[in-house]
>>> print(open('entry_26.tsv').read())   # TSV, C-alpha atoms and all ligand atoms
chain	number	residue	atom	x	y	z
A	640	MET	CA	-24.70	1.16	-3.66
A	641	ASP	CA	-26.46	-1.68	-5.44
A	642	SER	CA	-24.03	-3.98	-7.23
A	643	GLN	CA	-26.71	-4.95	-9.77
A	644	ASP	CA	-28.80	-2.65	-11.96
A	645	ASN	CA	-32.37	-3.78	-11.33
A	646	SER	CA	-34.00	-1.26	-13.66
A	647	ILE	CA	-36.67	-2.92	-15.76
A	648	GLN	CA	-35.40	-1.18	-18.89
A	649	ALA	CA	-32.03	-2.92	-18.64
A	650	CYS	CA	-31.45	-5.53	-21.35
A	651	GLY	CA	-30.06	-9.02	-21.15
A	652	GLN	CA	-31.74	-9.82	-17.84
A	653	LEU	CA	-34.12	-12.56	-16.79
A	654	PHE	CA	-36.79	-11.48	-14.32
A	655	ILE	CA	-38.28	-14.13	-12.04
A	656	VAL	CA	-41.76	-12.76	-11.48
A	657	ALA	CA	-44.12	-13.95	-8.73
A	658	THR	CA	-47.82	-14.02	-9.63
A	659	PRO	CA	-50.91	-14.41	-7.39
A	660	ILE	CA	-51.78	-17.73	-5.71
A	661	GLY	CA	-55.51	-17.13	-5.97
A	662	ASN	CA	-56.45	-13.50	-5.51
A	663	LEU	CA	-55.60	-11.63	-8.72
A	664	ALA	CA	-55.18	-8.39	-6.76
A	665	ASP	CA	-52.02	-9.84	-5.21
A	666	MET	CA	-50.05	-8.98	-8.36
A	667	THR	CA	-47.49	-6.31	-7.47
A	668	TYR	CA	-47.14	-3.04	-9.40
A	669	ARG	CA	-43.54	-3.96	-10.21
A	670	ALA	CA	-44.59	-7.39	-11.49
A	671	ILE	CA	-47.13	-5.85	-13.89
A	672	GLU	CA	-44.65	-3.23	-15.13
A	673	THR	CA	-41.97	-5.86	-15.62
A	674	LEU	CA	-44.25	-8.20	-17.58
A	675	LYS	CA	-45.37	-5.28	-19.78
A	676	THR	CA	-41.79	-4.16	-20.46
A	677	VAL	CA	-39.84	-7.35	-21.15
A	678	ASP	CA	-39.47	-8.73	-24.70
A	679	TRP	CA	-40.99	-12.12	-23.84
A	680	ILE	CA	-42.50	-14.15	-21.05
A	681	ALA	CA	-41.69	-17.82	-20.45
A	682	ALA	CA	-44.70	-19.36	-18.69
A	683	GLU	CA	-45.20	-22.80	-17.16
A	684	ASP	CA	-48.61	-23.10	-18.88
A	685	THR	CA	-49.45	-20.39	-21.41
A	686	ARG	CA	-53.21	-21.03	-21.13
A	687	VAL	CA	-53.21	-20.51	-17.34
A	688	SER	CA	-50.98	-17.41	-17.52
A	689	GLY	CA	-52.94	-16.10	-20.52
A	690	ARG	CA	-55.86	-15.35	-18.18
A	691	LEU	CA	-53.62	-13.33	-15.85
A	692	LEU	CA	-52.04	-11.39	-18.71
A	693	GLU	CA	-55.45	-10.62	-20.16
A	694	TYR	CA	-56.71	-9.38	-16.77
A	695	TYR	CA	-53.79	-6.93	-16.56
A	696	ASP	CA	-53.82	-6.08	-20.28
A	697	ILE	CA	-50.28	-7.38	-20.74
A	698	LYS	CA	-49.61	-8.01	-24.42
A	699	THR	CA	-46.02	-9.33	-24.23
A	700	PRO	CA	-45.49	-12.50	-26.30
A	701	MET	CA	-45.45	-15.68	-24.28
A	702	PHE	CA	-44.04	-19.19	-24.80
A	703	ALA	CA	-44.04	-22.33	-22.66
A	704	CYS	CA	-41.21	-23.28	-20.30
A	705	HIS	CA	-42.02	-26.33	-18.17
A	706	ASP	CA	-40.25	-29.33	-16.66
A	707	HIS	CA	-40.33	-31.24	-19.97
A	708	ASN	CA	-38.79	-28.59	-22.24
A	709	GLU	CA	-36.77	-26.47	-19.76
A	710	ALA	CA	-33.34	-27.66	-20.94
A	711	LYS	CA	-34.11	-27.02	-24.62
A	712	VAL	CA	-35.91	-23.71	-24.08
A	713	ALA	CA	-33.16	-22.50	-21.70
A	714	GLU	CA	-30.65	-22.60	-24.56
A	715	ARG	CA	-32.86	-20.39	-26.73
A	716	MET	CA	-33.59	-18.01	-23.87
A	717	LEU	CA	-29.89	-17.65	-23.16
A	718	GLU	CA	-29.21	-16.74	-26.80
A	719	ARG	CA	-31.94	-14.11	-26.74
A	720	LEU	CA	-30.70	-12.63	-23.46
A	721	ARG	CA	-27.17	-12.53	-24.86
A	722	ALA	CA	-28.55	-10.67	-27.87
A	723	GLY	CA	-29.72	-7.97	-25.45
A	724	GLU	CA	-33.35	-8.96	-24.94
A	725	SER	CA	-34.93	-9.12	-21.52
A	726	GLY	CA	-37.34	-11.85	-20.47
A	727	ALA	CA	-39.51	-12.95	-17.57
A	728	LEU	CA	-40.23	-16.35	-16.10
A	729	ILE	CA	-43.60	-16.96	-14.47
A	730	SER	CA	-45.29	-20.09	-13.15
A	731	ASP	CA	-48.98	-20.98	-12.96
A	732	ALA	CA	-49.21	-19.36	-9.52
A	733	GLY	CA	-46.92	-17.94	-6.87
A	734	THR	CA	-43.16	-17.73	-6.94
A	735	PRO	CA	-41.42	-19.55	-9.81
A	736	LEU	CA	-38.90	-22.27	-8.78
A	737	ILE	CA	-40.69	-22.91	-5.47
A	738	ASN	CA	-41.90	-26.38	-6.47
A	739	ASP	CA	-42.20	-24.98	-9.95
A	740	PRO	CA	-39.87	-25.10	-12.96
A	741	GLY	CA	-36.92	-22.76	-13.44
A	742	TYR	CA	-34.01	-23.95	-11.28
A	743	ARG	CA	-31.91	-25.28	-14.17
A	744	LEU	CA	-32.69	-22.22	-16.24
A	745	VAL	CA	-31.68	-19.75	-13.52
A	746	ARG	CA	-28.47	-21.66	-12.89
A	747	LYS	CA	-27.61	-21.63	-16.57
A	748	ILE	CA	-28.28	-17.89	-16.97
A	749	ARG	CA	-26.21	-17.02	-13.89
A	750	GLU	CA	-23.36	-19.29	-15.01
A	751	ALA	CA	-23.38	-17.40	-18.31
A	752	GLY	CA	-22.71	-14.23	-16.31
A	753	LEU	CA	-26.12	-12.65	-16.96
A	754	ASN	CA	-28.35	-11.04	-14.36
A	755	VAL	CA	-31.31	-12.86	-12.83
A	756	VAL	CA	-33.62	-10.39	-11.07
A	757	PRO	CA	-36.28	-11.59	-8.59
A	758	ILE	CA	-39.59	-9.72	-8.54
A	759	PRO	CA	-41.10	-10.93	-5.25
A	760	GLY	CA	-44.76	-11.57	-4.51
A	761	ALA	CA	-47.09	-14.35	-3.39
A	762	CYS	CA	-45.66	-17.66	-2.29
A	763	SER	CA	-47.98	-20.21	-0.68
A	764	PRO	CA	-45.62	-21.64	2.02
A	765	ILE	CA	-44.71	-18.14	3.25
A	766	THR	CA	-48.31	-16.90	3.03
A	767	ALA	CA	-49.45	-19.89	5.11
A	768	LEU	CA	-46.66	-19.62	7.65
A	769	CYS	CA	-47.12	-15.93	8.44
A	770	ALA	CA	-50.73	-16.43	9.58
A	771	SER	CA	-50.34	-19.87	11.20
A	772	GLY	CA	-49.36	-18.77	14.70
A	773	LEU	CA	-46.47	-21.26	14.60
A	774	ALA	CA	-42.88	-20.23	15.30
A	775	THR	CA	-41.36	-18.53	12.26
A	776	ASP	CA	-37.84	-17.70	13.46
A	777	GLN	CA	-36.57	-20.92	11.88
A	778	PHE	CA	-38.36	-23.28	9.53
A	779	THR	CA	-37.68	-26.05	7.05
A	780	TYR	CA	-39.49	-26.08	3.73
A	781	MET	CA	-39.93	-29.64	2.42
A	782	GLY	CA	-41.86	-29.14	-0.84
A	783	PHE	CA	-44.15	-32.11	-1.56
A	784	LEU	CA	-43.45	-35.21	0.56
A	785	ALA	CA	-42.52	-38.41	-1.29
A	786	ARG	CA	-45.65	-40.53	-1.77
A	787	SER	CA	-44.21	-43.74	-0.36
A	788	GLY	CA	-41.07	-45.74	0.39
A	789	ARG	CA	-37.88	-44.94	2.22
A	790	ALA	CA	-37.85	-41.27	1.17
A	791	ARG	CA	-41.24	-40.73	2.83
A	792	THR	CA	-40.19	-42.57	6.00
A	793	VAL	CA	-37.08	-40.37	6.27
A	794	GLN	CA	-39.17	-37.21	5.73
A	795	LEU	CA	-41.67	-38.26	8.42
A	796	GLN	CA	-38.76	-38.86	10.79
A	797	THR	CA	-37.40	-35.39	9.95
A	798	LEU	CA	-40.81	-33.95	10.85
A	799	ALA	CA	-40.79	-35.88	14.13
A	800	ASP	CA	-37.25	-34.80	15.09
A	801	ALA	CA	-37.39	-31.15	13.95
A	802	LYS	CA	-36.85	-28.55	16.66
A	803	HIS	CA	-38.42	-25.86	14.50
A	804	THR	CA	-41.47	-25.46	12.26
A	805	CYS	CA	-41.65	-27.59	9.10
A	806	VAL	CA	-43.71	-26.62	6.06
A	807	PHE	CA	-44.78	-28.80	3.15
A	808	LEU	CA	-47.34	-28.92	0.34
A	809	GLU	CA	-50.05	-31.55	0.09
A	810	SER	CA	-52.99	-32.38	-2.13
A	811	PRO	CA	-56.53	-32.70	-0.75
A	812	LYS	CA	-56.58	-36.34	-1.96
A	813	ARG	CA	-53.62	-37.35	0.21
A	814	ILE	CA	-54.04	-35.05	3.21
A	815	VAL	CA	-55.90	-37.50	5.47
A	816	LYS	CA	-53.38	-40.30	4.88
A	817	THR	CA	-50.54	-37.85	5.56
A	818	LEU	CA	-52.22	-36.63	8.75
A	819	GLN	CA	-52.60	-40.25	9.88
A	820	ASN	CA	-48.87	-40.78	9.31
A	821	LEU	CA	-48.16	-37.55	11.22
A	822	ALA	CA	-50.37	-38.67	14.11
A	823	ASP	CA	-48.12	-41.74	14.44
A	824	VAL	CA	-44.83	-39.82	14.49
A	825	VAL	CA	-45.15	-36.22	15.67
A	826	GLY	CA	-46.82	-36.76	19.07
A	827	THR	CA	-47.93	-33.50	20.67
A	828	LYS	CA	-46.74	-31.22	17.91
A	829	GLU	CA	-49.25	-28.64	16.68
A	830	ILE	CA	-50.33	-28.90	13.06
A	831	CYS	CA	-51.73	-26.04	11.04
A	832	ILE	CA	-53.20	-26.33	7.55
A	833	GLY	CA	-53.56	-23.23	5.38
A	834	ARG	CA	-56.16	-23.98	2.71
A	835	GLU	CA	-57.29	-21.98	-0.33
A	836	LEU	CA	-55.09	-19.07	0.70
A	837	THR	CA	-56.09	-15.63	-0.60
A	838	LYS	CA	-59.27	-17.16	-2.09
A	839	LEU	CA	-62.95	-17.02	-1.12
A	840	HIS	CA	-62.82	-20.14	1.06
A	841	GLU	CA	-59.48	-19.41	2.76
A	842	GLU	CA	-59.22	-21.40	5.99
A	843	PHE	CA	-56.67	-22.21	8.68
A	844	VAL	CA	-57.19	-25.42	10.67
A	845	SER	CA	-55.00	-25.91	13.75
A	846	GLY	CA	-54.66	-28.59	16.40
A	847	SER	CA	-53.07	-31.98	16.92
A	848	ALA	CA	-52.91	-34.33	13.92
A	849	SER	CA	-56.02	-36.14	15.24
A	850	ASP	CA	-57.91	-32.83	15.72
A	851	VAL	CA	-57.20	-31.93	12.09
A	852	ILE	CA	-58.21	-35.43	10.91
A	853	ALA	CA	-61.49	-35.02	12.83
A	854	HIS	CA	-62.04	-31.68	11.06
A	855	PHE	CA	-61.53	-33.26	7.63
A	856	ASN	CA	-63.79	-36.18	8.52
A	857	LYS	CA	-66.56	-33.59	8.93
A	858	HIS	CA	-65.54	-31.34	6.03
A	859	THR	CA	-64.26	-33.11	2.92
A	860	PRO	CA	-60.78	-31.73	2.16
A	861	ARG	CA	-60.85	-29.58	-0.96
A	862	GLY	CA	-58.66	-27.06	-2.74
A	863	GLU	CA	-54.98	-26.24	-2.39
A	864	MET	CA	-53.21	-26.62	0.92
A	865	VAL	CA	-50.01	-26.02	2.85
A	866	VAL	CA	-49.25	-28.15	5.92
A	867	MET	CA	-47.21	-26.81	8.82
A	868	VAL	CA	-45.91	-28.80	11.77
A	869	GLY	CA	-44.92	-26.79	14.83
A	870	VAL	CA	-42.42	-27.56	17.55
A	871	SER	CA	-43.23	-30.00	20.31
A	872	GLN	CA	-44.84	-28.62	23.46
A	873	THR	CA	-42.61	-30.97	25.46
A	874	PRO	CA	-39.43	-29.07	26.45
A	875	VAL	CA	-36.11	-30.42	25.14
A	876	GLU	CA	-34.35	-32.42	27.84
A	877	ILE	CA	-30.88	-30.99	28.63
A	878	THR	CA	-28.38	-33.83	28.97
A	879	ASP	CA	-25.05	-33.76	30.85
A	880	ALA	CA	-23.29	-33.94	27.48
A	881	MET	CA	-25.07	-30.75	26.39
A	882	ILE	CA	-24.00	-29.04	29.62
A	883	ALA	CA	-20.37	-30.11	29.04
A	884	VAL	CA	-20.44	-28.77	25.46
A	885	GLU	CA	-21.90	-25.43	26.53
A	886	ALA	CA	-19.39	-25.08	29.40
A	887	LYS	CA	-16.50	-25.42	26.93
A	888	GLN	CA	-17.59	-22.31	24.98
A	889	ALA	CA	-14.92	-19.60	24.84
A	890	VAL	CA	-17.15	-17.03	26.60
A	891	TYR	CA	-16.76	-18.89	29.90
A	892	GLU	CA	-12.99	-19.44	29.61
A	893	THR	CA	-11.91	-16.74	32.06
A	894	LEU	CA	-14.49	-17.62	34.74
A	895	SER	CA	-13.83	-19.58	37.92
A	896	PRO	CA	-15.57	-23.01	38.09
A	897	SER	CA	-18.32	-21.67	40.32
A	898	ALA	CA	-18.94	-18.55	38.18
A	899	ARG	CA	-18.88	-20.76	35.09
A	900	ALA	CA	-21.45	-23.13	36.64
A	901	ARG	CA	-23.71	-20.15	37.43
A	902	ALA	CA	-23.44	-18.71	33.89
A	903	VAL	CA	-24.02	-22.06	32.15
A	904	ALA	CA	-26.92	-22.90	34.48
A	905	GLN	CA	-28.56	-19.58	33.63
A	906	LYS	CA	-28.03	-20.10	29.91
A	907	LEU	CA	-29.47	-23.65	29.84
A	908	ASP	CA	-32.07	-23.07	32.53
A	909	VAL	CA	-30.83	-25.95	34.71
A	910	LYS	CA	-29.65	-26.16	38.34
A	911	ARG	CA	-26.22	-24.65	39.15
A	912	SER	CA	-25.27	-27.63	41.34
A	913	ARG	CA	-25.89	-30.00	38.41
A	914	VAL	CA	-23.64	-27.94	36.10
A	915	TYR	CA	-20.99	-27.79	38.82
A	916	ASP	CA	-21.03	-31.60	39.16
A	917	VAL	CA	-20.67	-32.00	35.36
A	918	LEU	CA	-17.75	-29.51	35.38
A	919	MET	CA	-16.00	-31.39	38.18
A	920	ALA	CA	-16.56	-34.77	36.51
A	921	SER	CA	-15.12	-33.54	33.21
A	922	SER	CA	-12.12	-31.62	34.62
B	1	LIG	N1	-44.71	-21.82	-6.61
B	1	LIG	C1	-45.95	-21.94	-5.89
B	1	LIG	C2	-45.97	-20.93	-4.75
B	1	LIG	O1	-45.09	-20.06	-4.71
B	1	LIG	O2	-46.90	-20.97	-3.96
B	1	LIG	C3	-46.17	-23.38	-5.45
B	1	LIG	C4	-46.36	-24.29	-6.62
B	1	LIG	S1	-46.80	-25.94	-6.23
B	1	LIG	C5	-46.74	-26.68	-7.80
B	1	LIG	C6	-48.53	-25.88	-6.00
B	1	LIG	C7	-48.91	-26.19	-4.56
B	1	LIG	O3	-48.74	-25.02	-3.77
B	1	LIG	C8	-50.36	-26.58	-4.36
B	1	LIG	O4	-50.57	-27.96	-4.59
B	1	LIG	C9	-50.57	-26.24	-2.89
B	1	LIG	O5	-50.02	-27.22	-2.04
B	1	LIG	C10	-49.75	-24.95	-2.78
B	1	LIG	N2	-50.61	-23.79	-3.05
B	1	LIG	C11	-50.60	-23.02	-4.15
B	1	LIG	N3	-51.54	-22.05	-4.04
B	1	LIG	C12	-52.14	-22.22	-2.85
B	1	LIG	C13	-53.19	-21.55	-2.16
B	1	LIG	N4	-53.83	-20.52	-2.68
B	1	LIG	N5	-53.52	-22.01	-0.92
B	1	LIG	C14	-52.90	-23.06	-0.37
B	1	LIG	N6	-51.89	-23.72	-0.98
B	1	LIG	C15	-51.54	-23.32	-2.20
>>> encode(input="entry_26.tsv", output="structure tokens", more="lines below")
Ligand code: SAM
Amino acid sequence: MDSQDNSIQACGQLFIVATPIGNLADMTYRAIETLKTVDWIAAEDTRVSGRLLEYYDIKTPMFACHDHNEAKVAERMLERLRAGESGALISDAGTPLINDPGYRLVRKIREAGLNVVPIPGACSPITALCASGLATDQFTYMGFLARSGRARTVQLQTLADAKHTCVFLESPKRIVKTLQNLADVVGTKEICIGRELTKLHEEFVSGSASDVIAHFNKHTPRGEMVVMVGVSQTPVEITDAMIAVEAKQAVYETLSPSARARAVAQKLDVKRSRVYDVLMASS
């Protein structure tokens, strides 16, 4: 049984509605129905969203909710939701709150004990990732990188050290500089750029940082882009300390030293004799 009533007729709820990131046909049926049914729509930029609403013949009144007025508008929205109205939050494109306004608002509404209902749809980092060919079982989303200073250095180091795919957003103006920074720190890691996703000039560019720089030297970077950094092709080196940690896991507790060495060796893909030596040294 659902613990939350997600029916779009229910009152006093805020719907977080994803909108297309380029291709207008990526609006979901549920998103259109929700935007037609709610009492009001809070939009990041009412002029941008006005075009979408017109396309889908949505006549619901709209007002602005952006980074600069979120705190003030949130108070009014809360009052209206408490009075039994339902509302929707949309951003200029994609999923609200994902590098778009709304976090403080959602927190406030939930703290007030009211329902926040996500209406999923397009989201550029996920759209890019699923067609990149990079590992998707684990990934870190980093938003926009800091432009300079210590924060940027730390983020670049995170990208260098990551053992899983990292995803971030970048502007066409800064992409070449960022790729140059990546070339210095990420070594053999594969980069993939998803550009103009769902639009006419959609493109995926993959290769090492220098391959991608070479591509953008030939083709001036334009449009919106998501950058993904894959895992290193160089296998992780298993240290004796890692072997010792693995061998201490409870699953091996009942095994004899030689059976334990065999099991750990199989798990870490290292030689049994090496594991046995580590076991003997640490016993
Ligand atoms: N909330 C949005 C989402 O769910 O995709 C992201 C908003 S963020 C302010 C805007 C950035 O997302 C752009 O600068 C670009 O990096 C990325 N982006 C948005 N649409 C894109 C598209 N169609 N193709 C590639 N990247 C896109």
>>> residues_near_ligand(input="entry_26.tsv", ligand="ligand LIG 1 (chain B)", cutoff="10 Å", atoms="only C-alpha atoms and all ligand atoms", output="ChimeraX atom specification")
/A:657-662,729-740,759-767,782-783,807-811,832-843,862-866
>>> atom_distance(input="entry_26.tsv", atom1="CA of Gln796 in chain A", atom2="CA of Asn820 in chain A")
10.4 Å
>>> atom_distance(input="entry_26.tsv", atom1="CA of Ala848 in chain A", atom2="CA of Val815 in chain A")
9.5 Å
>>> atom_distance(input="entry_26.tsv", atom1="CA of Thr827 in chain A", atom2="CA of Asp850 in chain A")
11.2 Å
>>> closest_residue(input="entry_26.tsv", among="A:Ala886, A:Val870, A:Ala664, A:Val914", to="Ala801 in chain A", atoms="all atoms listed in the file")
A:Val870
>>> closest_residue(input="entry_26.tsv", among="A:Leu768, A:Leu907, A:Ile671, A:Ala902", to="Glu876 in chain A", atoms="only C-alpha atoms")
A:Leu907
>>> closest_residue(input="entry_26.tsv", among="A:Asp665, A:Glu829, A:Asp684, A:Asp696", to="Leu773 in chain A", atoms="only C-alpha atoms")
A:Glu829
>>> residues_around(input="entry_26.tsv", residues="Pro757 in chain A", least_positions_apart="5", cutoff="8 Å", atoms="only C-alpha atoms", output="JSON, numbers by chain")
{"A": [654, 655, 656]}
>>> closest_residue(input="entry_26.tsv", among="A:Arg743, A:Tyr695, A:Leu663, A:Arg913", to="Ala710 in chain A", atoms="only C-alpha atoms")
A:Arg743
>>> residues_near_point(input="entry_26.tsv", point="(-47.1, -38.7, 9.5)", cutoff="9 Å", atoms="all atoms listed in the file", output="PyMOL selection string")
chain A and resi 792+794-796+798-799+816-825+848
>>> closest_residue(input="entry_26.tsv", among="A:Val884, A:Arg715, A:Leu728, A:Tyr891", to="Ser688 in chain A", atoms="only C-alpha atoms")
A:Leu728
>>> residues_around(input="entry_26.tsv", residues="Leu918 in chain A", least_positions_apart="3", cutoff="8 Å", atoms="all atoms listed in the file", output="list in words")
Ala883, Ala886, Pro896, Ala900, Val914, Tyr915, Ser921 and Ser922 of chain A
>>> residues_around(input="entry_26.tsv", residues="Ala681 in chain A", least_positions_apart="6", cutoff="7 Å", atoms="only C-alpha atoms", output="ChimeraX atom specification")
/A:701-704,727-729
>>> residues_around(input="entry_26.tsv", residues="Gly726 in chain A", least_positions_apart="6", cutoff="10 Å", atoms="all atoms listed in the file", output="MDAnalysis selection string")
chainID A and resid 650:655 673:674 676:681 699 701 716:717 719:720 755
>>> closest_residue(input="entry_26.tsv", among="A:Thr685, A:Met867, A:His803, A:Leu784", to="Cys769 in chain A", atoms="only C-alpha atoms")
A:Met867
>>> decode(input="entry_26.tsv", residues="range 729-799 of chain A", atoms="C-alpha atoms", output="mmCIF file, in the first residue's frame")
data_model
loop_
_atom_site.group_PDB
_atom_site.id
_atom_site.type_symbol
_atom_site.label_atom_id
_atom_site.label_comp_id
_atom_site.auth_asym_id
_atom_site.auth_seq_id
_atom_site.Cartn_x
_atom_site.Cartn_y
_atom_site.Cartn_z
ATOM 1 C CA ILE A 729 8.895 23.819 -12.478
ATOM 2 C CA SER A 730 12.282 25.077 -13.631
ATOM 3 C CA ASP A 731 13.366 26.416 -17.020
ATOM 4 C CA ALA A 732 14.240 22.884 -18.156
ATOM 5 C CA GLY A 733 14.594 19.419 -16.694
ATOM 6 C CA THR A 734 14.117 18.365 -13.105
ATOM 7 C CA PRO A 735 13.638 21.172 -10.567
ATOM 8 C CA LEU A 736 16.220 21.303 -7.723
ATOM 9 C CA ILE A 737 18.897 19.598 -9.847
ATOM 10 C CA ASN A 738 21.090 22.706 -10.092
ATOM 11 C CA ASP A 739 17.863 24.646 -10.115
ATOM 12 C CA PRO A 740 15.925 26.427 -7.355
ATOM 13 C CA GLY A 741 13.581 24.655 -4.947
ATOM 14 C CA TYR A 742 15.639 22.925 -2.244
ATOM 15 C CA ARG A 743 14.739 25.378 0.539
ATOM 16 C CA LEU A 744 11.122 25.385 -0.548
ATOM 17 C CA VAL A 745 10.794 21.586 -0.550
ATOM 18 C CA ARG A 746 12.447 21.383 2.852
ATOM 19 C CA LYS A 747 10.080 23.969 4.275
ATOM 20 C CA ILE A 748 6.963 22.277 2.879
ATOM 21 C CA ARG A 749 8.032 18.851 4.174
ATOM 22 C CA GLU A 750 8.906 20.294 7.595
ATOM 23 C CA ALA A 751 5.388 21.737 7.705
ATOM 24 C CA GLY A 752 4.092 18.175 7.335
ATOM 25 C CA LEU A 753 2.707 18.645 3.814
ATOM 26 C CA ASN A 754 3.213 16.298 0.890
ATOM 27 C CA VAL A 755 5.797 16.947 -1.808
ATOM 28 C CA VAL A 756 5.123 14.764 -4.855
ATOM 29 C CA PRO A 757 7.786 14.249 -7.558
ATOM 30 C CA ILE A 758 6.594 13.994 -11.161
ATOM 31 C CA PRO A 759 9.682 12.556 -12.885
ATOM 32 C CA GLY A 760 10.910 13.328 -16.383
ATOM 33 C CA ALA A 761 13.941 14.694 -18.210
ATOM 34 C CA CYS A 762 17.120 15.399 -16.286
ATOM 35 C CA SER A 763 20.277 16.255 -18.228
ATOM 36 C CA PRO A 764 22.889 14.391 -16.083
ATOM 37 C CA ILE A 765 20.844 11.168 -16.171
ATOM 38 C CA THR A 766 20.001 11.562 -19.870
ATOM 39 C CA ALA A 767 23.703 11.997 -20.656
ATOM 40 C CA LEU A 768 24.860 9.156 -18.438
ATOM 41 C CA CYS A 769 22.495 6.517 -19.814
ATOM 42 C CA ALA A 770 23.853 6.880 -23.365
ATOM 43 C CA SER A 771 27.518 7.532 -22.505
ATOM 44 C CA GLY A 772 28.745 3.943 -22.365
ATOM 45 C CA LEU A 773 30.419 4.709 -19.031
ATOM 46 C CA ALA A 774 29.788 2.634 -15.916
ATOM 47 C CA THR A 775 26.466 3.585 -14.329
ATOM 48 C CA ASP A 776 26.301 1.248 -11.318
ATOM 49 C CA GLN A 777 27.756 4.012 -9.133
ATOM 50 C CA PHE A 778 28.279 7.659 -9.962
ATOM 51 C CA THR A 779 28.871 11.004 -8.295
ATOM 52 C CA TYR A 780 26.978 14.058 -9.495
ATOM 53 C CA MET A 781 28.986 17.248 -8.926
ATOM 54 C CA GLY A 782 26.720 19.972 -10.360
ATOM 55 C CA PHE A 783 28.769 22.859 -11.802
ATOM 56 C CA LEU A 784 32.456 22.847 -10.798
ATOM 57 C CA ALA A 785 33.753 25.891 -8.907
ATOM 58 C CA ARG A 786 35.343 28.316 -11.376
ATOM 59 C CA SER A 787 38.630 28.721 -9.520
ATOM 60 C CA GLY A 788 40.424 28.492 -6.182
ATOM 61 C CA ARG A 789 40.699 25.775 -3.590
ATOM 62 C CA ALA A 790 37.173 24.444 -4.188
ATOM 63 C CA ARG A 791 38.022 23.735 -7.840
ATOM 64 C CA THR A 792 41.345 22.090 -6.938
ATOM 65 C CA VAL A 793 39.562 19.792 -4.475
ATOM 66 C CA GLN A 794 36.906 18.915 -7.081
ATOM 67 C CA LEU A 795 39.569 18.105 -9.697
ATOM 68 C CA GLN A 796 41.295 15.869 -7.150
ATOM 69 C CA THR A 797 37.957 14.141 -6.464
ATOM 70 C CA LEU A 798 37.631 13.502 -10.207
ATOM 71 C CA ALA A 799 41.172 12.099 -10.304
#
